[in-house]
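Okay, run_32.cif now, which holds mmCIF, C-alpha atoms and all ligand atoms:
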```cif
data_final
#
loop_
_atom_site.label_atom_id
_atom_site.label_comp_id
_atom_site.auth_asym_id
_atom_site.auth_seq_id
_atom_site.Cartn_x
_atom_site.Cartn_y
_atom_site.Cartn_z
CA GLU A 85 0.00 0.00 0.00
CA LYS A 86 1.16 3.50 -0.65
CA GLY A 87 0.25 4.74 2.84
CA THR A 88 0.69 8.47 3.14
CA TYR A 89 2.40 8.79 -0.23
CA PRO A 90 0.49 10.45 -3.06
CA HIS A 91 2.00 8.04 -5.59
CA TYR A 92 3.67 4.65 -5.61
CA MET A 93 6.56 6.09 -7.59
CA LEU A 94 7.50 8.51 -4.81
CA LYS A 95 7.19 5.75 -2.20
CA GLU A 96 9.36 3.44 -4.26
CA ILE A 97 12.02 6.14 -4.77
CA ASP A 98 12.09 6.63 -1.00
CA GLU A 99 12.43 2.90 -0.37
CA GLN A 100 15.75 2.71 -2.20
CA PRO A 101 18.10 3.14 0.80
CA LEU A 102 16.18 0.43 2.64
CA VAL A 103 16.39 -1.93 -0.34
CA ILE A 104 20.16 -1.47 -0.58
CA ARG A 105 20.51 -2.19 3.16
CA ARG A 106 18.28 -5.25 2.77
CA LEU A 107 20.45 -6.53 -0.09
CA ILE A 108 23.59 -6.14 2.03
CA GLU A 109 21.91 -8.41 4.61
CA LYS A 110 20.59 -10.93 2.07
CA TYR A 111 23.91 -11.42 0.28
CA ARG A 112 26.07 -11.93 3.34
CA ASN A 113 27.30 -15.15 5.01
CA GLU A 114 27.52 -15.97 8.73
CA GLN A 115 30.95 -14.37 8.92
CA GLY A 116 29.43 -11.17 7.60
CA GLU A 117 31.22 -11.46 4.24
CA LEU A 118 29.59 -10.82 0.90
CA ALA A 119 28.28 -14.17 -0.37
CA ILE A 120 26.46 -15.43 -3.45
CA ASP A 121 25.47 -19.02 -4.31
CA GLU A 122 28.74 -20.74 -5.30
CA GLU A 123 27.20 -22.42 -8.33
CA ILE A 124 26.27 -19.03 -9.76
CA VAL A 125 29.70 -17.57 -9.10
CA GLN A 126 31.29 -20.60 -10.74
CA ALA A 127 29.05 -20.25 -13.80
CA VAL A 128 30.08 -16.59 -14.09
CA ASN A 129 33.76 -17.38 -13.75
CA GLU A 130 33.66 -20.29 -16.19
CA ALA A 131 32.15 -18.11 -18.92
CA ASP A 132 34.46 -16.49 -21.45
CA ARG A 133 31.89 -13.73 -22.00
CA LEU A 134 28.72 -12.55 -20.32
CA TYR A 135 25.73 -11.54 -22.43
CA ILE A 136 23.36 -9.30 -20.53
CA VAL A 137 19.92 -9.20 -22.17
CA ALA A 138 17.15 -6.88 -20.98
CA CYS A 139 14.69 -4.10 -21.91
CA GLY A 140 14.12 -0.50 -20.85
CA THR A 141 15.33 0.40 -17.40
CA SER A 142 16.67 -3.11 -16.82
CA TYR A 143 18.79 -2.69 -19.96
CA HIS A 144 20.17 0.55 -18.51
CA ALA A 145 21.09 -1.29 -15.30
CA GLY A 146 22.80 -3.89 -17.50
CA LEU A 147 25.01 -1.19 -19.03
CA VAL A 148 26.22 -0.22 -15.55
CA GLY A 149 26.64 -3.94 -14.79
CA LYS A 150 29.00 -4.29 -17.74
CA GLN A 151 31.20 -1.59 -16.29
CA LEU A 152 31.26 -3.34 -12.90
CA MET A 153 31.88 -6.84 -14.27
CA GLU A 154 34.63 -5.77 -16.62
CA ASN A 155 36.40 -3.59 -14.06
CA TRP A 156 36.12 -5.81 -11.03
CA ALA A 157 35.80 -9.38 -12.30
CA LYS A 158 37.68 -8.76 -15.59
CA ILE A 159 35.12 -10.67 -17.65
CA PRO A 160 34.16 -9.26 -21.05
CA VAL A 161 30.49 -8.31 -21.21
CA GLU A 162 28.07 -7.47 -24.01
CA VAL A 163 24.76 -5.80 -23.20
CA HIS A 164 21.85 -6.30 -25.58
CA ILE A 165 18.32 -5.02 -25.97
CA ALA A 166 16.23 -8.19 -25.94
CA SER A 167 13.98 -7.33 -28.89
CA GLU A 168 17.03 -6.63 -31.06
CA PHE A 169 18.95 -9.69 -29.97
CA SER A 170 16.10 -11.99 -31.00
CA TYR A 171 16.23 -11.00 -34.65
CA ASN A 172 19.85 -9.96 -35.00
CA MET A 173 21.89 -12.36 -32.94
CA PRO A 174 25.58 -11.49 -32.65
CA LEU A 175 28.32 -14.05 -33.14
CA LEU A 176 28.57 -15.75 -29.76
CA SER A 177 31.73 -16.64 -27.86
CA GLU A 178 32.69 -20.26 -27.11
CA LYS A 179 31.41 -20.33 -23.54
CA PRO A 180 28.81 -17.65 -22.98
CA LEU A 181 26.69 -17.12 -19.90
CA PHE A 182 23.43 -15.27 -20.46
CA ILE A 183 22.22 -12.88 -17.78
CA TYR A 184 18.58 -11.82 -18.05
CA ILE A 185 17.74 -8.74 -16.02
CA SER A 186 14.02 -8.22 -15.48
CA GLN A 187 12.13 -6.62 -12.61
CA SER A 188 8.95 -8.55 -13.41
CA GLY A 189 10.55 -11.69 -14.79
CA GLU A 190 7.71 -11.73 -17.32
CA THR A 191 8.99 -9.58 -20.18
CA ALA A 192 8.19 -11.40 -23.42
CA ASP A 193 11.07 -9.91 -25.41
CA SER A 194 13.59 -11.18 -22.86
CA ARG A 195 11.86 -14.54 -22.60
CA ALA A 196 12.06 -15.04 -26.37
CA VAL A 197 15.85 -14.73 -26.14
CA LEU A 198 16.02 -17.07 -23.16
CA VAL A 199 14.06 -19.73 -25.05
CA ARG A 200 16.42 -19.40 -28.01
CA THR A 201 19.66 -19.50 -25.99
CA LYS A 202 18.38 -22.50 -24.05
CA GLU A 203 17.75 -24.30 -27.33
CA LEU A 204 21.36 -23.53 -28.21
CA GLY A 205 22.42 -25.14 -24.91
CA HIS A 206 23.71 -22.01 -23.17
CA LYS A 207 23.53 -21.46 -19.42
CA SER A 208 21.45 -18.62 -18.01
CA LEU A 209 21.03 -16.51 -14.89
CA THR A 210 17.97 -14.38 -14.24
CA ILE A 211 18.19 -11.33 -11.99
CA THR A 212 14.61 -10.51 -11.01
CA ASN A 213 12.39 -9.06 -8.33
CA VAL A 214 9.77 -11.78 -8.62
CA PRO A 215 10.51 -15.26 -7.29
CA GLY A 216 8.82 -17.93 -9.37
CA SER A 217 8.42 -15.62 -12.37
CA THR A 218 8.70 -17.10 -15.87
CA LEU A 219 12.27 -15.94 -16.47
CA SER A 220 13.29 -17.21 -13.07
CA ARG A 221 11.70 -20.63 -13.58
CA GLU A 222 13.16 -21.08 -17.03
CA ALA A 223 16.74 -20.01 -16.34
CA ASP A 224 19.39 -22.21 -14.71
CA TYR A 225 20.00 -19.77 -11.87
CA THR A 226 18.24 -16.84 -10.19
CA LEU A 227 19.37 -13.91 -8.09
CA LEU A 228 16.60 -11.96 -6.39
CA LEU A 229 16.38 -8.19 -6.06
CA HIS A 230 14.48 -8.22 -2.74
CA ALA A 231 13.07 -4.78 -3.60
CA GLY A 232 9.48 -5.59 -2.58
CA PRO A 233 6.63 -5.14 -5.07
CA GLU A 234 7.22 -2.34 -7.56
CA ILE A 235 3.81 -0.97 -8.52
CA ALA A 236 4.54 2.29 -10.40
CA VAL A 237 5.03 1.72 -14.12
CA ALA A 238 8.23 3.78 -13.96
CA SER A 239 10.88 1.51 -12.50
CA THR A 240 13.00 3.06 -9.74
CA LYS A 241 13.95 0.80 -6.84
CA ALA A 242 14.33 -2.21 -9.14
CA TYR A 243 16.98 -0.31 -11.15
CA THR A 244 19.12 0.49 -8.13
CA ALA A 245 18.63 -3.04 -6.73
CA GLN A 246 19.73 -4.51 -10.07
CA ILE A 247 22.92 -2.44 -10.03
CA ALA A 248 23.63 -3.34 -6.40
CA VAL A 249 23.21 -7.08 -7.13
CA LEU A 250 25.46 -6.81 -10.19
CA ALA A 251 28.08 -4.99 -8.09
CA MET A 252 27.98 -7.72 -5.48
CA LEU A 253 28.18 -10.44 -8.12
CA ALA A 254 31.18 -8.75 -9.74
CA ALA A 255 32.97 -8.44 -6.41
CA VAL A 256 32.28 -12.04 -5.36
CA ALA A 257 33.34 -13.35 -8.79
CA ALA A 258 36.60 -11.39 -8.54
CA LYS A 259 37.29 -12.74 -5.07
CA ALA A 260 36.51 -16.34 -6.10
CA LYS A 261 39.13 -16.00 -8.85
CA GLY A 262 41.67 -14.92 -6.24
CA MET A 263 41.86 -11.39 -7.56
CA ALA A 264 42.73 -8.67 -5.10
CA LEU A 265 39.89 -6.15 -5.20
CA ASP A 266 40.67 -3.02 -3.24
CA VAL A 267 37.00 -2.24 -2.59
CA ASP A 268 34.94 -3.33 0.39
CA VAL A 269 31.66 -3.51 -1.51
CA THR A 270 29.48 -4.07 1.56
CA LYS A 271 30.91 -0.98 3.19
CA GLU A 272 30.65 1.08 -0.01
CA LEU A 273 27.00 0.04 -0.48
CA GLY A 274 26.35 1.18 3.08
CA ILE A 275 27.78 4.56 2.14
CA VAL A 276 25.55 4.56 -0.95
CA ALA A 277 22.45 3.87 1.19
CA ASN A 278 23.32 6.85 3.40
CA ALA A 279 23.83 9.03 0.34
CA MET A 280 20.43 7.90 -0.96
CA ASP A 281 18.84 8.99 2.33
CA THR A 282 20.28 12.47 1.82
CA LEU A 283 19.13 12.52 -1.80
CA CYS A 284 15.60 11.43 -0.91
CA ASP A 285 15.53 14.37 1.49
CA ALA A 286 16.30 16.74 -1.37
CA LYS A 287 12.74 16.59 -2.77
CA HIS A 288 12.22 20.30 -2.45
CA GLU A 289 15.35 21.08 -4.51
CA MET A 290 14.32 18.59 -7.19
CA GLU A 291 10.84 20.04 -7.32
CA GLN A 292 12.39 23.47 -7.86
CA ILE A 293 14.56 22.15 -10.70
CA ALA A 294 11.53 20.49 -12.31
CA ARG A 295 9.55 23.72 -12.05
CA GLU A 296 12.33 25.91 -13.34
CA TYR A 297 13.53 23.80 -16.25
CA LEU A 298 10.67 21.53 -17.23
CA ALA A 299 7.34 23.26 -16.53
CA THR A 300 6.64 24.23 -20.13
CA THR A 301 9.49 22.84 -22.22
CA ARG A 302 8.85 20.63 -25.26
CA ASN A 303 12.13 18.78 -24.92
CA CYS A 304 15.07 18.17 -22.63
CA PHE A 305 18.56 16.78 -23.13
CA PHE A 306 20.57 14.77 -20.66
CA ILE A 307 24.30 14.43 -21.10
CA GLY A 308 27.02 12.43 -19.39
CA ARG A 309 30.26 10.64 -20.12
CA ALA A 310 31.54 7.22 -19.05
CA VAL A 311 29.16 5.65 -16.54
CA ASP A 312 27.24 8.95 -16.29
CA TYR A 313 26.19 8.38 -19.89
CA TYR A 314 24.40 5.19 -18.88
CA VAL A 315 22.65 7.01 -16.05
CA VAL A 316 21.47 9.86 -18.26
CA LEU A 317 19.88 7.32 -20.60
CA GLU A 318 17.85 6.19 -17.61
CA GLY A 319 17.11 9.78 -16.51
CA ALA A 320 15.78 10.56 -20.00
CA LEU A 321 13.66 7.40 -20.10
CA LYS A 322 12.11 8.26 -16.71
CA LEU A 323 11.29 11.78 -17.84
CA LYS A 324 9.74 10.86 -21.19
CA GLU A 325 7.81 7.92 -19.82
CA ILE A 326 5.90 9.84 -17.16
CA SER A 327 5.96 13.51 -18.22
CA TYR A 328 5.73 13.02 -22.03
CA ILE A 329 8.50 15.58 -22.51
CA GLN A 330 10.68 14.52 -25.40
CA ALA A 331 13.90 13.68 -23.60
CA GLU A 332 17.13 12.16 -24.86
CA GLY A 333 20.28 11.00 -23.15
CA PHE A 334 23.54 11.56 -25.00
CA ALA A 335 27.21 10.92 -24.53
CA GLY A 336 28.64 14.41 -24.01
CA GLY A 337 31.27 14.07 -26.71
CA GLU A 338 28.79 12.84 -29.31
CA LEU A 339 26.61 15.98 -29.29
CA LYS A 340 28.82 17.84 -31.74
CA HIS A 341 28.34 15.04 -34.26
CA GLY A 342 24.77 16.08 -34.96
CA THR A 343 22.49 16.46 -31.99
CA ILE A 344 23.80 19.87 -30.95
CA ALA A 345 21.81 21.22 -33.91
CA LEU A 346 18.68 20.75 -31.78
CA ILE A 347 19.82 23.13 -29.04
CA GLU A 348 17.84 26.36 -29.04
CA ASN A 349 17.51 29.30 -26.73
CA GLY A 350 16.38 27.95 -23.37
CA THR A 351 16.63 24.21 -24.16
CA PRO A 352 17.15 22.45 -20.83
CA VAL A 353 20.33 20.36 -20.67
CA ILE A 354 20.82 18.29 -17.55
CA ALA A 355 24.43 17.14 -17.17
CA LEU A 356 25.85 14.59 -14.76
CA ALA A 357 29.41 14.98 -13.51
CA THR A 358 30.39 12.22 -11.09
CA GLN A 359 33.51 10.86 -12.80
CA GLU A 360 36.86 12.48 -12.20
CA HIS A 361 38.53 11.41 -15.46
CA VAL A 362 35.81 13.06 -17.56
CA ASN A 363 34.91 15.93 -15.26
CA LEU A 364 36.56 18.58 -17.38
CA SER A 365 35.37 17.15 -20.67
CA ILE A 366 31.71 17.01 -19.64
CA ARG A 367 31.99 20.58 -18.45
CA GLY A 368 33.44 21.46 -21.84
CA ASN A 369 30.35 19.89 -23.42
CA VAL A 370 28.13 22.00 -21.17
CA LYS A 371 29.96 25.13 -22.39
CA GLU A 372 29.31 24.05 -25.98
CA VAL A 373 25.56 23.84 -25.43
CA VAL A 374 25.45 27.03 -23.36
CA ALA A 375 27.12 28.84 -26.26
CA ARG A 376 24.08 27.76 -28.34
CA GLY A 377 21.61 29.10 -25.78
CA ALA A 378 20.96 26.01 -23.62
CA ASN A 379 19.78 26.31 -20.04
CA PRO A 380 22.21 24.04 -18.16
CA CYS A 381 21.61 22.13 -14.95
CA ILE A 382 24.77 20.41 -13.73
CA ILE A 383 24.44 17.70 -11.11
CA SER A 384 27.88 16.80 -9.82
CA MET A 385 29.42 14.79 -7.02
CA LYS A 386 31.06 16.18 -3.92
CA GLY A 387 34.77 16.62 -4.52
CA LEU A 388 34.25 17.21 -8.25
CA ASP A 389 31.80 20.08 -7.87
CA MET A 390 32.33 23.52 -9.33
CA GLU A 391 30.85 26.93 -8.83
CA ASP A 392 27.83 26.88 -11.08
CA ASP A 393 26.63 23.37 -10.28
CA ARG A 394 22.95 23.25 -9.55
CA PHE A 395 23.06 20.29 -7.20
CA VAL A 396 25.84 18.24 -5.59
CA ILE A 397 25.33 14.61 -4.59
CA PRO A 398 27.25 13.13 -1.64
CA ALA A 399 30.50 11.34 -2.52
CA VAL A 400 30.26 7.58 -3.10
CA HIS A 401 32.66 5.03 -4.64
CA PRO A 402 33.29 6.07 -8.29
CA MET A 403 32.04 2.70 -9.61
CA LEU A 404 28.81 2.97 -7.63
CA THR A 405 27.79 6.55 -8.51
CA PRO A 406 24.78 5.45 -10.64
CA LEU A 407 23.06 4.26 -7.46
CA ALA A 408 23.18 7.79 -6.12
CA SER A 409 23.07 9.98 -9.22
CA VAL A 410 19.90 8.36 -10.55
CA VAL A 411 17.89 9.45 -7.48
CA PRO A 412 17.78 13.19 -8.35
CA LEU A 413 16.87 12.27 -11.94
CA GLN A 414 14.00 10.06 -10.74
CA LEU A 415 12.75 12.88 -8.52
CA ILE A 416 13.05 15.49 -11.27
CA ALA A 417 11.00 13.24 -13.58
CA TYR A 418 8.43 12.70 -10.83
CA TYR A 419 7.92 16.40 -10.14
CA ALA A 420 7.94 17.33 -13.82
CA ALA A 421 5.13 14.83 -14.43
CA LEU A 422 3.25 15.99 -11.38
CA HIS A 423 3.39 19.67 -12.36
CA ARG A 424 2.29 18.87 -15.88
CA GLY A 425 -0.76 17.05 -14.56
CA CYS A 426 0.28 13.60 -15.77
CA ASP A 427 -0.81 10.33 -14.22
CA VAL A 428 2.53 9.53 -12.57
CA ASP A 429 1.93 5.91 -11.63
CA LYS A 430 0.05 4.92 -14.79
CA PRO A 431 1.46 6.78 -17.78
CA ARG A 432 -0.43 6.57 -21.04
CA ASN A 433 0.28 3.77 -23.52
CA LEU A 434 2.36 1.76 -21.03
CA ALA A 435 1.94 -1.39 -18.97
CA LYS A 436 3.95 -2.45 -15.94
CA SER A 437 5.01 -5.69 -17.51
CA VAL A 438 5.22 -6.05 -21.22
CA THR A 439 4.12 -9.60 -21.92
CA VAL A 440 3.82 -9.28 -25.69
CA GLU A 441 6.71 -9.31 -28.15
O1 LIG B 501 10.12 -6.16 -15.91
P1 LIG B 501 11.29 -5.74 -16.75
O2 LIG B 501 12.43 -5.25 -15.96
O3 LIG B 501 11.72 -6.84 -17.71
O4 LIG B 501 10.74 -4.57 -17.64
C1 LIG B 501 11.54 -3.99 -18.64
C2 LIG B 501 10.98 -2.68 -19.12
O5 LIG B 501 9.71 -2.87 -19.69
C3 LIG B 501 10.86 -1.65 -17.99
O6 LIG B 501 12.07 -1.45 -17.33
C4 LIG B 501 10.36 -0.31 -18.53
O7 LIG B 501 11.33 0.26 -19.35
C5 LIG B 501 10.01 0.62 -17.36
N1 LIG B 501 8.64 1.06 -17.46
C6 LIG B 501 10.88 1.82 -17.28
O8 LIG B 501 10.56 2.63 -16.18
#
```

Show the structure stored in the file as structure tokens.
Ligand code: M6R
Amino acid sequence: EKGTYPHYMLKEIDEQPLVIRRLIEKYRNEQGELAIDEEIVQAVNEADRLYIVACGTSYHAGLVGKQLMENWAKIPVEVHIASEFSYNMPLLSEKPLFIYISQSGETADSRAVLVRTKELGHKSLTITNVPGSTLSREADYTLLLHAGPEIAVASTKAYTAQIAVLAMLAAVAAKAKGMALDVDVTKELGIVANAMDTLCDAKHEMEQIAREYLATTRNCFFIGRAVDYYVVLEGALKLKEISYIQAEGFAGGELKHGTIALIENGTPVIALATQEHVNLSIRGNVKEVVARGANPCIISMKGLDMEDDRFVIPAVHPMLTPLASVVPLQLIAYYAALHRGCDVDKPRNLAKSVTVE
């Protein structure tokens, strides 16, 4: 039940710190160490390549998962949109493991790929919020998101839970291979949960941003580089899905190859800056759009922040920033939809689980 909340989406955004803390408890052994079913970890480490297959928000979590798996567990990863994979299958590696990410576990596009890869004899892991769901039953292994029911059509807490589970899987896989990982993931996720608490308390600021930038606009651009690029894709999807504002996420450096032509006087451009190695370049991209009249809103991370930033998120581990930086984007989308009189929890033309191909 949504209790005192006006919408499920807002309740589910607020539940995110709790979900992260719950996941830390669920994926921990008696000694308090991070632990995941050994069979699953073995399947991951035996694969020569991981193929993450998903749709929508779950696909965006998969992109962040690639970053985590490749950096921490040193396993090459490809991330595919399920509906594309079905009809345009890439050349597969010798020993692939398929990872299906799905909040509902019922998405038909993802299931179609699972059926096909099973026929080909490939192993599969489903990461889902729903125990006993179709994708969970049909895959070899399952990891649960423990996020509690997600009712709002716009996915929020499932996205952050998916990334947290992928981070834990990457860390455990690295450790099982005897690799020295200089990150205490449990501790870092605890820091993330605290940062999320702070971010959930920033509703008033996010409402202001939504009012100021998005009250009447026809479109909005989101830009980021490196992992921030993956998060802005998600920020743009959230905004378009519930507020019907045409929103696009772009890699900062790619704008000049065409899209910058769309910038007009007053076009809102929301930029994420949480990564040190691209901090100056994303800011360069912001200058490029400002020179064409854009109205910039920079959301940066503590330690990398600069004078004109509109909002600064608390510092978290650089590989885990999506868990924090997505929260303001979710809230901005929520308030933009609210102010524009949209049905936040049940946007037009959409269903919570898409069970047709
Ligand atoms: O249940 P799934 O995670 O498989 O659903 C995938 C997408 O349909 C879903 O994430 C969709 O993009 C959301 N409505 C986005 O908020």

Requested in this report: Excluding A:Leu228 and residues on its chain fewer than 5 positions from it, collect all residues at most 6 Å away from it, counting all atoms listed in the file, and give them as a list in words.
Outcome: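 Listed by chain and then number, they are Ile211, Thr212 and Asn213 of chain A.
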
**Report entry** Selection near A:Arg302, 10 Å with only C-alpha atoms, sequence-local residues under 6 positions removed, as a PyMOL selection string
**Finding:** chain A and resi 328-331+351-352

Query raised in the report: Between atom CA of A:Gly387 and atom CA of A:Glu289, what is the distance, to one decimal in Å?
Result: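 Between atom CA of A:Gly387 and atom CA of A:Glu289 the gap is 19.9 Å.
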
**Report entry** Shortest interatomic distance to A:Gly425 - which of A:Asn172, A:Ile183, A:Thr300, A:Ala277, counting all atoms listed in the file
**Finding:**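 The answer is A:Thr300, which sits nearest to A:Gly425.
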
Query - Residues near A:Lys261, cut-off 9 Å, only C-alpha atoms, skip fewer than 5 positions along chain, as an MDAnalysis selection string - result: chainID A and resid 129 157 256

Query raised in the report: atom CA of A:Ala355 and atom CA of A:Gly333 are how many Å apart?
Result: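 It comes out at 9.5 Å.
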
Query - Sel. within 8 Å of pt (30.7, 7.7, -2.9), counting all atoms listed in the file, output as a list in words - result: Glu272, Ile275, Val276, Ala279, Pro398, Ala399, Val400, His401, Pro402, Leu404 and Thr405 of chain A

Report task. Show me which residues sit within 10 Å of ligand LIG 501 (chain B) when counting only C-alpha atoms and all ligand atoms, and put them as a ChimeraX atom specification. Result -> /A:137-145,166,184-195,211-214,219,234,236-240,242-243,246,318-319,321-326,414,430-431,434-439

Report task. Would you work out the distance separating atom CA of A:Glu203 from atom CA of A:Leu176, expressed in Å to one decimal? Result -> 14.0 Å

Requested in this report: Might you pull out every residue within 12 Å of A:Lys207, with all atoms listed in the file counted and same-chain residues fewer than 2 positions away left off, and present them as a PyMOL selection string?
Outcome: chain A and resi 123-124+126-128+130-131+133-135+179-184+198-205+209-210+222-226

Query - Option closest in space to A:Gly146, from A:Asn379, A:Thr244, A:Ser208, A:Asn113 [counting only C-alpha atoms] - result: A:Thr244

**Report entry** Polymer residues at most 12 Å from A:Ile344, only C-alpha atoms, same-chain spacing of 5 or more positions, as a list in words
**Finding:**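 The residues satisfying every condition are Phe305, Phe306, Ile307, Glu332, Phe334, Ala335, Gly336, Gly337, Glu338, Leu339, Thr351, Val353, Asn369, Val370, Lys371, Glu372, Val373, Val374, Ala375, Arg376, Gly377 and Ala378 of chain A.
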